[in-house]
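Undergrad: What follows is the file work.cif, containing mmCIF, C-alpha atoms:
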```
data_coords
loop_
_atom_site.group_PDB
_atom_site.id
_atom_site.type_symbol
_atom_site.label_atom_id
_atom_site.label_comp_id
_atom_site.auth_asym_id
_atom_site.auth_seq_id
_atom_site.Cartn_x
_atom_site.Cartn_y
_atom_site.Cartn_z
ATOM 1 C CA MET O 1 111.068 83.045 59.162
ATOM 2 C CA GLU O 2 113.062 79.936 59.970
ATOM 3 C CA PHE O 3 114.689 81.210 63.159
ATOM 4 C CA LEU O 4 111.210 81.952 64.606
ATOM 5 C CA ASN O 5 109.951 78.422 64.025
ATOM 6 C CA PRO O 6 107.976 77.397 67.150
ATOM 7 C CA GLN O 7 109.494 73.904 67.148
ATOM 8 C CA LEU O 8 112.978 75.410 67.094
ATOM 9 C CA ILE O 9 112.195 77.726 70.012
ATOM 10 C CA LEU O 10 110.748 74.890 72.077
ATOM 11 C CA SER O 11 113.785 72.742 71.321
ATOM 12 C CA ILE O 12 116.122 75.486 72.522
ATOM 13 C CA VAL O 13 114.130 76.000 75.754
ATOM 14 C CA ILE O 14 114.026 72.259 76.478
ATOM 15 C CA GLY O 15 117.729 71.895 75.712
ATOM 16 C CA LEU O 16 118.687 74.704 78.081
ATOM 17 C CA SER O 17 116.463 73.243 80.808
ATOM 18 C CA VAL O 18 118.103 69.833 80.461
ATOM 19 C CA LEU O 19 121.545 71.464 80.558
ATOM 20 C CA PHE O 20 120.792 73.364 83.782
ATOM 21 C CA ILE O 21 119.340 70.234 85.411
ATOM 22 C CA PHE O 22 122.402 68.213 84.390
ATOM 23 C CA VAL O 23 124.826 70.819 85.783
ATOM 24 C CA GLY O 24 122.903 71.067 89.047
ATOM 25 C CA VAL O 25 122.681 67.305 89.609
ATOM 26 C CA ARG O 26 126.337 66.812 88.652
ATOM 27 C CA THR O 27 127.442 69.488 91.130
ATOM 28 C CA LEU O 28 125.318 68.095 93.936
ATOM 29 C CA VAL O 29 126.613 64.560 93.344
ATOM 30 C CA ARG O 30 130.198 65.806 93.356
ATOM 31 C CA ALA O 31 129.585 67.725 96.576
ATOM 32 C CA SER O 32 128.143 64.686 98.297
ATOM 33 C CA SER O 33 131.070 62.503 97.254
ATOM 34 C CA GLU O 34 133.903 64.695 98.552
ATOM 35 C CA GLY O 35 134.288 63.569 102.096
ATOM 36 C CA THR O 36 130.942 64.569 103.527
ATOM 37 C CA ASP O 37 131.023 61.775 106.110
ATOM 38 C CA HIS O 38 134.358 62.699 107.669
ATOM 39 C CA ILE O 39 133.407 66.419 107.646
ATOM 40 C CA GLN O 40 130.251 65.641 109.614
ATOM 41 C CA GLN O 41 132.300 63.498 111.997
ATOM 42 C CA PHE O 42 134.819 66.310 112.509
ATOM 43 C CA PHE O 43 132.121 68.852 113.431
ATOM 44 C CA GLU O 44 130.271 66.430 115.730
ATOM 45 C CA THR O 45 133.214 64.805 117.553
ATOM 46 C CA GLY O 46 136.232 66.993 116.778
ATOM 47 C CA GLN O 47 138.088 63.882 115.593
ATOM 48 C CA GLY O 48 139.425 62.919 112.210
ATOM 49 C CA PRO O 49 141.145 65.063 109.584
ATOM 50 C CA ALA O 50 140.118 68.705 109.469
ATOM 51 C CA PRO O 51 138.068 69.563 106.366
ATOM 52 C CA THR O 52 139.770 71.524 103.628
ATOM 53 C CA LEU O 53 138.532 74.906 102.425
ATOM 54 C CA ARG O 54 137.129 73.318 99.260
ATOM 55 C CA GLN O 55 135.235 70.730 101.278
ATOM 56 C CA LEU O 56 133.756 73.445 103.497
ATOM 57 C CA GLU O 57 132.684 75.381 100.413
ATOM 58 C CA MET O 58 131.090 72.278 98.920
ATOM 59 C CA ARG O 59 128.930 71.875 102.050
ATOM 60 C CA ALA O 60 127.010 75.003 101.024
ATOM 61 C CA SER O 61 123.999 74.590 98.796
ATOM 62 C CA PHE O 62 124.286 74.803 95.026
ATOM 63 C CA TYR O 63 122.139 77.939 95.134
ATOM 64 C CA ARG O 64 124.524 79.811 97.480
ATOM 65 C CA ARG O 65 127.706 78.583 95.786
ATOM 66 C CA VAL O 66 126.740 79.023 92.148
ATOM 67 C CA ILE O 67 123.446 80.789 91.527
ATOM 68 C CA VAL O 68 123.928 83.705 93.970
ATOM 69 C CA PRO O 69 127.468 84.668 92.782
ATOM 70 C CA ILE O 70 126.488 84.332 89.124
ATOM 71 C CA GLY O 71 123.375 86.429 89.674
ATOM 72 C CA ALA O 72 125.267 89.154 91.540
ATOM 73 C CA GLY O 73 127.967 89.296 88.881
ATOM 74 C CA LEU O 74 125.380 89.451 86.108
ATOM 75 C CA LEU O 75 123.535 92.330 87.777
ATOM 76 C CA ARG O 76 126.750 94.336 88.218
ATOM 77 C CA PHE O 77 127.801 93.665 84.633
ATOM 78 C CA LEU O 78 124.440 94.754 83.244
ATOM 79 C CA GLY O 79 124.481 97.790 85.544
ATOM 80 C CA ARG O 80 127.687 99.016 83.903
ATOM 81 C CA LEU O 81 125.981 98.955 80.499
ATOM 82 C CA VAL O 82 123.352 101.472 81.583
ATOM 83 C CA PRO O 83 124.123 105.207 81.098
ATOM 84 C CA GLN O 84 125.535 106.555 84.357
ATOM 85 C CA ARG O 85 123.078 109.430 84.774
ATOM 86 C CA ASN O 86 121.175 110.467 87.862
ATOM 87 C CA LEU O 87 123.204 108.042 89.980
ATOM 88 C CA ASP O 88 123.118 110.331 93.015
ATOM 89 C CA LYS O 89 119.330 110.486 92.851
ATOM 90 C CA LEU O 90 119.077 106.708 92.560
ATOM 91 C CA ARG O 91 121.513 106.237 95.443
ATOM 92 C CA LYS O 92 119.367 108.541 97.567
ATOM 93 C CA ARG O 93 116.220 106.562 96.691
ATOM 94 C CA LEU O 94 117.926 103.304 97.603
ATOM 95 C CA GLU O 95 119.054 104.807 100.928
ATOM 96 C CA THR O 96 115.535 105.965 101.703
ATOM 97 C CA ALA O 97 114.223 102.499 100.916
ATOM 98 C CA GLY O 98 116.852 100.935 103.203
ATOM 99 C CA TYR O 99 118.799 99.264 100.387
ATOM 100 C CA PRO O 100 116.251 96.464 99.830
ATOM 101 C CA GLY O 101 117.886 93.166 98.978
ATOM 102 C CA ASN O 102 121.307 94.777 99.598
ATOM 103 C CA LEU O 103 121.085 96.227 96.088
ATOM 104 C CA GLY O 104 123.624 98.890 95.249
ATOM 105 C CA VAL O 105 123.286 101.386 92.411
ATOM 106 C CA ALA O 106 124.983 99.138 89.839
ATOM 107 C CA ASP O 107 122.981 96.148 91.088
ATOM 108 C CA PHE O 108 119.686 98.001 90.714
ATOM 109 C CA LEU O 109 120.525 99.264 87.229
ATOM 110 C CA GLY O 110 121.517 95.736 86.251
ATOM 111 C CA LEU O 111 118.253 94.429 87.708
ATOM 112 C CA LYS O 112 116.268 96.906 85.597
ATOM 113 C CA LEU O 113 118.065 95.847 82.440
ATOM 114 C CA LEU O 114 117.714 92.165 83.287
ATOM 115 C CA VAL O 115 113.959 92.435 83.909
ATOM 116 C CA ALA O 116 113.597 94.376 80.648
ATOM 117 C CA ILE O 117 115.423 91.661 78.692
ATOM 118 C CA VAL O 118 113.456 88.851 80.347
ATOM 119 C CA PHE O 119 110.100 90.556 79.721
ATOM 120 C CA GLY O 120 110.938 91.391 76.118
ATOM 121 C CA VAL O 121 112.258 87.929 75.221
ATOM 122 C CA LEU O 122 109.569 86.072 77.172
ATOM 123 C CA PHE O 123 106.543 87.823 75.702
ATOM 124 C CA ALA O 124 108.011 87.952 72.200
ATOM 125 C CA GLY O 125 108.730 84.221 72.404
ATOM 126 C CA LEU O 126 105.236 83.412 73.672
ATOM 127 C CA THR O 127 103.754 85.502 70.880
ATOM 128 C CA ALA O 128 105.889 83.710 68.291
ATOM 129 C CA ILE O 129 104.648 80.354 69.592
ATOM 130 C CA LEU O 130 100.977 81.326 69.816
ATOM 131 C CA ARG O 131 100.881 83.440 66.656
ATOM 132 C CA PRO O 132 103.520 82.162 64.209
ATOM 133 C CA ASP O 133 101.955 84.303 61.488
ATOM 134 C CA PHE O 134 103.213 87.515 63.126
ATOM 135 C CA SER O 135 105.932 89.370 61.250
ATOM 136 C CA VAL O 136 109.415 89.937 62.616
ATOM 137 C CA TRP O 137 108.731 93.659 63.015
ATOM 138 C CA ALA O 138 105.595 92.972 65.044
ATOM 139 C CA LEU O 139 107.535 90.647 67.345
ATOM 140 C CA LEU O 140 110.284 93.232 67.732
ATOM 141 C CA GLY O 141 107.654 95.823 68.669
ATOM 142 C CA ILE O 142 106.196 93.453 71.287
ATOM 143 C CA ALA O 143 109.682 92.762 72.655
ATOM 144 C CA PHE O 144 110.434 96.490 72.879
ATOM 145 C CA GLY O 145 107.092 97.336 74.511
ATOM 146 C CA PHE O 146 107.262 94.649 77.189
ATOM 147 C CA GLY O 147 110.968 95.336 77.653
ATOM 148 C CA LEU O 148 110.095 98.936 78.455
ATOM 149 C CA VAL O 149 107.487 97.734 80.958
ATOM 150 C CA GLY O 150 110.091 95.465 82.568
ATOM 151 C CA TYR O 151 112.561 98.351 82.740
ATOM 152 C CA ILE O 152 110.032 100.538 84.590
ATOM 153 C CA LEU O 153 108.727 97.902 87.017
ATOM 154 C CA PRO O 154 111.773 97.981 89.376
ATOM 155 C CA ASN O 155 111.287 101.755 89.746
ATOM 156 C CA LEU O 156 107.693 101.221 90.850
ATOM 157 C CA TRP O 157 108.803 98.516 93.274
ATOM 158 C CA LEU O 158 111.488 100.811 94.721
ATOM 159 C CA SER O 159 109.000 103.675 95.137
ATOM 160 C CA ARG O 160 106.660 101.351 97.005
ATOM 161 C CA ARG O 161 109.476 100.221 99.300
ATOM 162 C CA MET O 162 110.383 103.852 99.984
ATOM 163 C CA ARG O 163 106.808 104.783 100.948
ATOM 164 C CA SER O 164 106.432 101.676 103.086
ATOM 165 C CA ARG O 165 109.651 102.337 105.004
ATOM 166 C CA GLN O 166 108.826 106.013 105.497
ATOM 167 C CA ALA O 167 105.380 105.063 106.837
ATOM 168 C CA GLU O 168 107.020 102.589 109.245
ATOM 169 C CA ILE O 169 109.406 105.284 110.507
ATOM 170 C CA ARG O 170 106.601 107.813 110.852
ATOM 171 C CA LYS O 171 104.494 105.317 112.806
ATOM 172 C CA GLY O 172 107.280 104.361 115.213
ATOM 173 C CA LEU O 173 108.588 107.867 115.937
ATOM 174 C CA PRO O 174 106.061 108.952 118.657
ATOM 175 C CA ASP O 175 106.661 105.828 120.759
ATOM 176 C CA ALA O 176 110.419 106.171 120.245
ATOM 177 C CA LEU O 177 110.305 109.795 121.446
ATOM 178 C CA ASP O 178 108.337 108.766 124.526
ATOM 179 C CA MET O 179 110.928 106.110 125.385
ATOM 180 C CA LEU O 180 113.793 108.521 124.689
ATOM 181 C CA SER O 181 112.236 111.082 127.024
ATOM 182 C CA ILE O 182 111.638 108.508 129.783
ATOM 183 C CA SER O 183 115.160 107.088 129.436
ATOM 184 C CA VAL O 184 116.831 110.512 129.558
ATOM 185 C CA ASN O 185 114.744 111.540 132.567
ATOM 186 C CA ALA O 186 115.781 108.289 134.252
ATOM 187 C CA GLY O 187 119.447 109.322 133.995
ATOM 188 C CA LEU O 188 120.632 107.807 130.735
ATOM 189 C CA GLY O 189 122.633 109.877 128.303
ATOM 190 C CA PHE O 190 121.131 110.560 124.906
ATOM 191 C CA SER O 191 123.302 107.921 123.183
ATOM 192 C CA GLY O 192 122.366 105.376 125.834
ATOM 193 C CA ALA O 193 118.695 106.261 125.407
ATOM 194 C CA MET O 194 118.958 105.772 121.635
ATOM 195 C CA GLN O 195 120.627 102.406 122.199
ATOM 196 C CA HIS O 196 117.816 101.454 124.588
ATOM 197 C CA VAL O 197 115.219 102.324 121.928
ATOM 198 C CA ALA O 198 117.145 100.412 119.238
ATOM 199 C CA ASP O 199 117.233 97.328 121.478
ATOM 200 C CA ALA O 200 113.539 97.588 122.379
ATOM 201 C CA TRP O 201 112.104 97.314 118.853
ATOM 202 C CA ASP O 202 113.019 95.938 115.474
ATOM 203 C CA ASN O 203 111.838 98.400 112.857
ATOM 204 C CA ALA O 204 113.192 100.843 110.295
ATOM 205 C CA LEU O 205 113.525 103.698 112.804
ATOM 206 C CA CYS O 206 115.624 101.565 115.148
ATOM 207 C CA GLU O 207 117.830 100.596 112.200
ATOM 208 C CA GLU O 208 118.413 104.296 111.539
ATOM 209 C CA PHE O 209 119.178 104.927 115.228
ATOM 210 C CA THR O 210 121.725 102.107 115.160
ATOM 211 C CA ARG O 211 123.369 103.498 112.036
ATOM 212 C CA ALA O 212 123.503 107.016 113.522
ATOM 213 C CA MET O 213 125.208 105.713 116.673
ATOM 214 C CA ALA O 214 127.697 103.777 114.551
ATOM 215 C CA GLU O 215 128.561 106.997 112.705
ATOM 216 C CA VAL O 216 129.114 108.755 116.046
ATOM 217 C CA LYS O 217 131.531 106.006 117.063
ATOM 218 C CA LEU O 218 133.404 106.555 113.797
ATOM 219 C CA GLY O 219 134.004 110.211 114.662
ATOM 220 C CA ARG O 220 130.988 112.210 113.511
ATOM 221 C CA THR O 221 129.260 114.534 115.951
ATOM 222 C CA ARG O 222 125.863 113.502 117.273
ATOM 223 C CA ILE O 223 124.050 116.303 115.446
ATOM 224 C CA GLU O 224 125.806 115.495 112.155
ATOM 225 C CA ALA O 225 124.827 111.825 112.458
ATOM 226 C CA LEU O 226 121.211 112.739 113.222
ATOM 227 C CA GLU O 227 121.043 115.224 110.348
ATOM 228 C CA SER O 228 122.390 112.536 108.037
ATOM 229 C CA MET O 229 119.660 110.210 109.335
ATOM 230 C CA ALA O 230 116.986 112.834 108.617
ATOM 231 C CA GLU O 231 118.299 113.302 105.086
ATOM 232 C CA ARG O 232 118.359 109.543 104.432
ATOM 233 C CA THR O 233 114.849 108.880 105.669
ATOM 234 C CA ASP O 234 113.306 111.978 104.032
ATOM 235 C CA VAL O 235 110.508 112.014 106.643
ATOM 236 C CA ASP O 236 109.278 115.446 107.712
ATOM 237 C CA GLU O 237 108.670 114.354 111.305
ATOM 238 C CA VAL O 238 112.234 113.072 111.643
ATOM 239 C CA LYS O 239 113.592 116.305 110.162
ATOM 240 C CA SER O 240 111.557 118.313 112.695
ATOM 241 C CA PHE O 241 112.816 116.112 115.548
ATOM 242 C CA VAL O 242 116.459 116.519 114.496
ATOM 243 C CA SER O 243 116.070 120.269 113.972
ATOM 244 C CA SER O 244 114.669 120.655 117.493
ATOM 245 C CA LEU O 245 117.557 118.690 118.969
ATOM 246 C CA ALA O 246 120.086 120.749 117.007
ATOM 247 C CA LEU O 247 118.457 123.987 118.206
ATOM 248 C CA ALA O 248 118.395 122.760 121.800
ATOM 249 C CA ASP O 249 122.060 121.802 121.532
ATOM 250 C CA ARG O 250 123.037 125.254 120.227
ATOM 251 C CA LEU O 251 120.959 127.131 122.827
ATOM 252 C CA GLY O 252 122.001 124.910 125.716
ATOM 253 C CA VAL O 253 118.428 123.795 126.420
ATOM 254 C CA SER O 254 117.942 120.532 128.293
ATOM 255 C CA ILE O 255 117.628 117.578 125.915
ATOM 256 C CA ALA O 256 115.100 115.987 128.257
ATOM 257 C CA GLN O 257 112.861 119.036 128.000
ATOM 258 C CA SER O 258 113.191 119.148 124.225
ATOM 259 C CA LEU O 259 112.341 115.441 123.960
ATOM 260 C CA ARG O 260 109.298 115.881 126.198
ATOM 261 C CA ILE O 261 107.972 118.709 124.028
ATOM 262 C CA GLN O 262 108.639 116.710 120.876
ATOM 263 C CA ALA O 263 106.855 113.647 122.276
ATOM 264 C CA GLU O 264 103.783 115.720 123.168
ATOM 265 C CA GLN O 265 103.702 117.274 119.705
ATOM 266 C CA MET O 266 104.017 113.859 118.060
ATOM 267 C CA ARG O 267 101.135 112.482 120.122
ATOM 268 C CA VAL O 268 98.939 115.408 119.060
ATOM 269 C CA TYR O 269 99.995 114.952 115.447
ATOM 270 C CA ARG O 270 99.274 111.203 115.546
ATOM 271 C CA ARG O 271 95.831 111.843 117.061
ATOM 272 C CA GLN O 272 95.048 114.397 114.338
ATOM 273 C CA LYS O 273 96.136 111.919 111.646
ATOM 274 C CA ALA O 274 93.942 109.211 113.175
ATOM 275 C CA GLU O 275 90.952 111.553 113.270
ATOM 276 C CA GLU O 276 91.592 112.583 109.670
ATOM 277 C CA ALA O 277 91.764 108.950 108.572
ATOM 278 C CA ALA O 278 88.539 108.213 110.453
ATOM 279 C CA ARG O 279 86.753 111.081 108.689
ATOM 280 C CA GLU O 280 87.977 109.878 105.297
ATOM 281 C CA ALA O 281 86.775 106.352 106.099
#
```
Would you encode the structure as structure tokens?

TA:
Amino acid sequence: MEFLNPQLILSIVIGLSVLFIFVGVRTLVRASSEGTDHIQQFFETGQGPAPTLRQLEMRASFYRRVIVPIGAGLLRFLGRLVPQRNLDKLRKRLETAGYPGNLGVADFLGLKLLVAIVFGVLFAGLTAILRPDFSVWALLGIAFGFGLVGYILPNLWLSRRMRSRQAEIRKGLPDALDMLSISVNAGLGFSGAMQHVADAWDNALCEEFTRAMAEVKLGRTRIEALESMAERTDVDEVKSFVSSLALADRLGVSIAQSLRIQAEQMRVYRRQKAEEAAREA
């Protein structure tokens, strides 16, 4: 059919490319012409007229000023078009993965729909160019099939991020328990010990410790914040650690003693896992 003519498709692609290049160059030229010299002088010497808000905004790159806001708005808009089912489950998965890319629920749903559209249109267009003899129904089937693949791919990526973050937390927990035990025995309170651990390393477990302490500062009890952390991470070892602390808190057992027992158990568990991995290898 006429609207699937390969020359027409190529013309549309080339025209859109030229349009985007023109808009980008025009914006960059305008940004460079709006008082860049006196802005640089103001920041370096503190002299000259203070830059306006528009001039400060124009100092940012075209990508940050235009592409990022448009992309974020597009993802949220597409996310609202997706049926709002299983949102709690998706929110939990994003929490467990640590909100990769700062994606919220609507953002992630919009991303899925966007990838589906791109995959469907891209592969259907390539097929129309390479095989112009294909019927419209065949091209629609290709677009639907690859669109479905594109819709599923973000789920696979999110599952991989979840497993990777959980493995990072599981790996860092024994060392964190050792440092917590040493810090508490040295006289620090439990919150101070957690802060010491969070400052010592930069990993997913320390991020969760920092978030738990922030929740305590906002009014939650320490046990509630830790239980929330265990639920977010969905790591059995973290759940066991929090349960032991909660039990020790209810029974009035020394936290230092509980941490020492937990650290010893984690070391044994890590050694058993290493031996199991060695046998499998």

Undergrad: Given the file shown, determine the residues that the PyMOL selection byres ((chain O and resi 137-150) around 6) selects; report them as a VMD selection string.

TA: chain O and resid 115 to 117 119 to 120 124 135 to 136 151 to 153

Undergrad: Could you check how far atom CA of Gly252 of chain O sits from atom CA of Gly187 of chain O, in Å to one decimal?

TA: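 If I compute the distance from atom CA of Gly252 of chain O to atom CA of Gly187 of chain O, I get 17.8 Å.
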
Undergrad: What's around Tyr269 of chain O at 12 Å? Count all atoms listed in the file, leave out sequence neighbours fewer than 4 positions away in its own chain, and write the answer as an NGL selection string.

TA: :O and (170-171 or 173-174 or 237 or 262-265 or 273-276)

Undergrad: Could you save those same residues with C-alpha atoms as a PDB file, in the coordinates of the input?

TA:
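Output contents, as saved in result_0.pdb:
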```pdb
ATOM      1  CA  ARG O 170     106.601 107.813 110.852  1.00  0.00           C
ATOM      2  CA  LYS O 171     104.494 105.317 112.806  1.00  0.00           C
ATOM      3  CA  LEU O 173     108.588 107.867 115.937  1.00  0.00           C
ATOM      4  CA  PRO O 174     106.061 108.952 118.657  1.00  0.00           C
ATOM      5  CA  GLU O 237     108.670 114.354 111.305  1.00  0.00           C
ATOM      6  CA  GLN O 262     108.639 116.710 120.876  1.00  0.00           C
ATOM      7  CA  ALA O 263     106.855 113.647 122.276  1.00  0.00           C
ATOM      8  CA  GLU O 264     103.783 115.720 123.168  1.00  0.00           C
ATOM      9  CA  GLN O 265     103.702 117.274 119.705  1.00  0.00           C
ATOM     10  CA  LYS O 273      96.136 111.919 111.646  1.00  0.00           C
ATOM     11  CA  ALA O 274      93.942 109.211 113.175  1.00  0.00           C
ATOM     12  CA  GLU O 275      90.952 111.553 113.270  1.00  0.00           C
ATOM     13  CA  GLU O 276      91.592 112.583 109.670  1.00  0.00           C
TER      14      GLU O 276
END
```

Undergrad: Could you pull out every residue with an atom within 12 Å of (127.3, 113.5, 117.1), file coordinates, counting all atoms listed in the file, and send them as a PDB file with C-alpha atoms, in the coordinates of the input?

TA:
```pdb
ATOM      1  CA  PHE O 190     121.131 110.560 124.906  1.00  0.00           C
ATOM      2  CA  SER O 191     123.302 107.921 123.183  1.00  0.00           C
ATOM      3  CA  PHE O 209     119.178 104.927 115.228  1.00  0.00           C
ATOM      4  CA  ARG O 211     123.369 103.498 112.036  1.00  0.00           C
ATOM      5  CA  ALA O 212     123.503 107.016 113.522  1.00  0.00           C
ATOM      6  CA  MET O 213     125.208 105.713 116.673  1.00  0.00           C
ATOM      7  CA  ALA O 214     127.697 103.777 114.551  1.00  0.00           C
ATOM      8  CA  GLU O 215     128.561 106.997 112.705  1.00  0.00           C
ATOM      9  CA  VAL O 216     129.114 108.755 116.046  1.00  0.00           C
ATOM     10  CA  LYS O 217     131.531 106.006 117.063  1.00  0.00           C
ATOM     11  CA  LEU O 218     133.404 106.555 113.797  1.00  0.00           C
ATOM     12  CA  GLY O 219     134.004 110.211 114.662  1.00  0.00           C
ATOM     13  CA  ARG O 220     130.988 112.210 113.511  1.00  0.00           C
ATOM     14  CA  THR O 221     129.260 114.534 115.951  1.00  0.00           C
ATOM     15  CA  ARG O 222     125.863 113.502 117.273  1.00  0.00           C
ATOM     16  CA  ILE O 223     124.050 116.303 115.446  1.00  0.00           C
ATOM     17  CA  GLU O 224     125.806 115.495 112.155  1.00  0.00           C
ATOM     18  CA  ALA O 225     124.827 111.825 112.458  1.00  0.00           C
ATOM     19  CA  LEU O 226     121.211 112.739 113.222  1.00  0.00           C
ATOM     20  CA  GLU O 227     121.043 115.224 110.348  1.00  0.00           C
ATOM     21  CA  SER O 228     122.390 112.536 108.037  1.00  0.00           C
ATOM     22  CA  MET O 229     119.660 110.210 109.335  1.00  0.00           C
ATOM     23  CA  VAL O 242     116.459 116.519 114.496  1.00  0.00           C
ATOM     24  CA  LEU O 245     117.557 118.690 118.969  1.00  0.00           C
ATOM     25  CA  ALA O 246     120.086 120.749 117.007  1.00  0.00           C
ATOM     26  CA  ASP O 249     122.060 121.802 121.532  1.00  0.00           C
TER      27      ASP O 249
END
```

Undergrad: With distances taken over all atoms listed in the file, which of O:Gly125, O:Pro154, O:Pro100, O:Pro132 is nearest to Lys112 of chain O?

TA: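 Answer, going by the shortest atom-to-atom distance: O:Pro154.
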
Undergrad: In Å to one decimal, how far is atom CA of Leu205 of chain O from atom CA of Gly172 of chain O?

TA: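 Distance reported for this atom pair: 6.7 Å.
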
Undergrad: Work out how far atom CA of Gln195 of chain O is from atom CA of Arg91 of chain O, in Å to one decimal.

TA: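 Interatomic distance, atom CA of Arg91 of chain O to atom CA of Gln195 of chain O: 27.0 Å.
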
Undergrad: Determine, counting all atoms listed in the file, which protein, DNA and RNA residues have an atom within 10 Å of an atom of Asn203 of chain O; residues of the same chain fewer than 5 positions away are not included. Present the result as a PDB file with C-alpha atoms, in the frame of the given file.

TA:
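The resulting file, out_37.pdb, is reproduced below:
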```
ATOM      1  CA  ARG O 165     109.651 102.337 105.004  1.00  0.00           C
ATOM      2  CA  GLU O 168     107.020 102.589 109.245  1.00  0.00           C
ATOM      3  CA  ILE O 169     109.406 105.284 110.507  1.00  0.00           C
ATOM      4  CA  GLY O 172     107.280 104.361 115.213  1.00  0.00           C
ATOM      5  CA  ALA O 198     117.145 100.412 119.238  1.00  0.00           C
ATOM      6  CA  GLU O 208     118.413 104.296 111.539  1.00  0.00           C
TER       7      GLU O 208
END
```

Undergrad: Would you kindly return, as JSON, numbers by chain, each protein, DNA or RNA residue with an atom no farther than 12 Å from any atom of Ile261 of chain O, considering all atoms listed in the file and excluding same-chain residues fewer than 2 positions away?

TA: {"O": [174, 177, 178, 180, 181, 240, 241, 244, 245, 248, 253, 254, 255, 256, 257, 258, 259, 263, 264, 265, 266, 267, 268]}

Undergrad: For the selection just defined, write its residues with C-alpha atoms to a file, as a PDB file, keeping the file's coordinate frame.

TA:
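Contents of again.pdb, as written:
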```
ATOM      1  CA  PRO O 174     106.061 108.952 118.657  1.00  0.00           C
ATOM      2  CA  LEU O 177     110.305 109.795 121.446  1.00  0.00           C
ATOM      3  CA  ASP O 178     108.337 108.766 124.526  1.00  0.00           C
ATOM      4  CA  LEU O 180     113.793 108.521 124.689  1.00  0.00           C
ATOM      5  CA  SER O 181     112.236 111.082 127.024  1.00  0.00           C
ATOM      6  CA  SER O 240     111.557 118.313 112.695  1.00  0.00           C
ATOM      7  CA  PHE O 241     112.816 116.112 115.548  1.00  0.00           C
ATOM      8  CA  SER O 244     114.669 120.655 117.493  1.00  0.00           C
ATOM      9  CA  LEU O 245     117.557 118.690 118.969  1.00  0.00           C
ATOM     10  CA  ALA O 248     118.395 122.760 121.800  1.00  0.00           C
ATOM     11  CA  VAL O 253     118.428 123.795 126.420  1.00  0.00           C
ATOM     12  CA  SER O 254     117.942 120.532 128.293  1.00  0.00           C
ATOM     13  CA  ILE O 255     117.628 117.578 125.915  1.00  0.00           C
ATOM     14  CA  ALA O 256     115.100 115.987 128.257  1.00  0.00           C
ATOM     15  CA  GLN O 257     112.861 119.036 128.000  1.00  0.00           C
ATOM     16  CA  SER O 258     113.191 119.148 124.225  1.00  0.00           C
ATOM     17  CA  LEU O 259     112.341 115.441 123.960  1.00  0.00           C
ATOM     18  CA  ALA O 263     106.855 113.647 122.276  1.00  0.00           C
ATOM     19  CA  GLU O 264     103.783 115.720 123.168  1.00  0.00           C
ATOM     20  CA  GLN O 265     103.702 117.274 119.705  1.00  0.00           C
ATOM     21  CA  MET O 266     104.017 113.859 118.060  1.00  0.00           C
ATOM     22  CA  ARG O 267     101.135 112.482 120.122  1.00  0.00           C
ATOM     23  CA  VAL O 268      98.939 115.408 119.060  1.00  0.00           C
TER      24      VAL O 268
END
```

Undergrad: May I ask which of the residues O:Trp201, O:Gly192, O:Gly110, O:Ala97 is the closest one to Asp175 of chain O, counting only C-alpha atoms?

TA: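 When distances to Asp175 of chain O are compared using only C-alpha atoms, the smallest one comes from O:Trp201.
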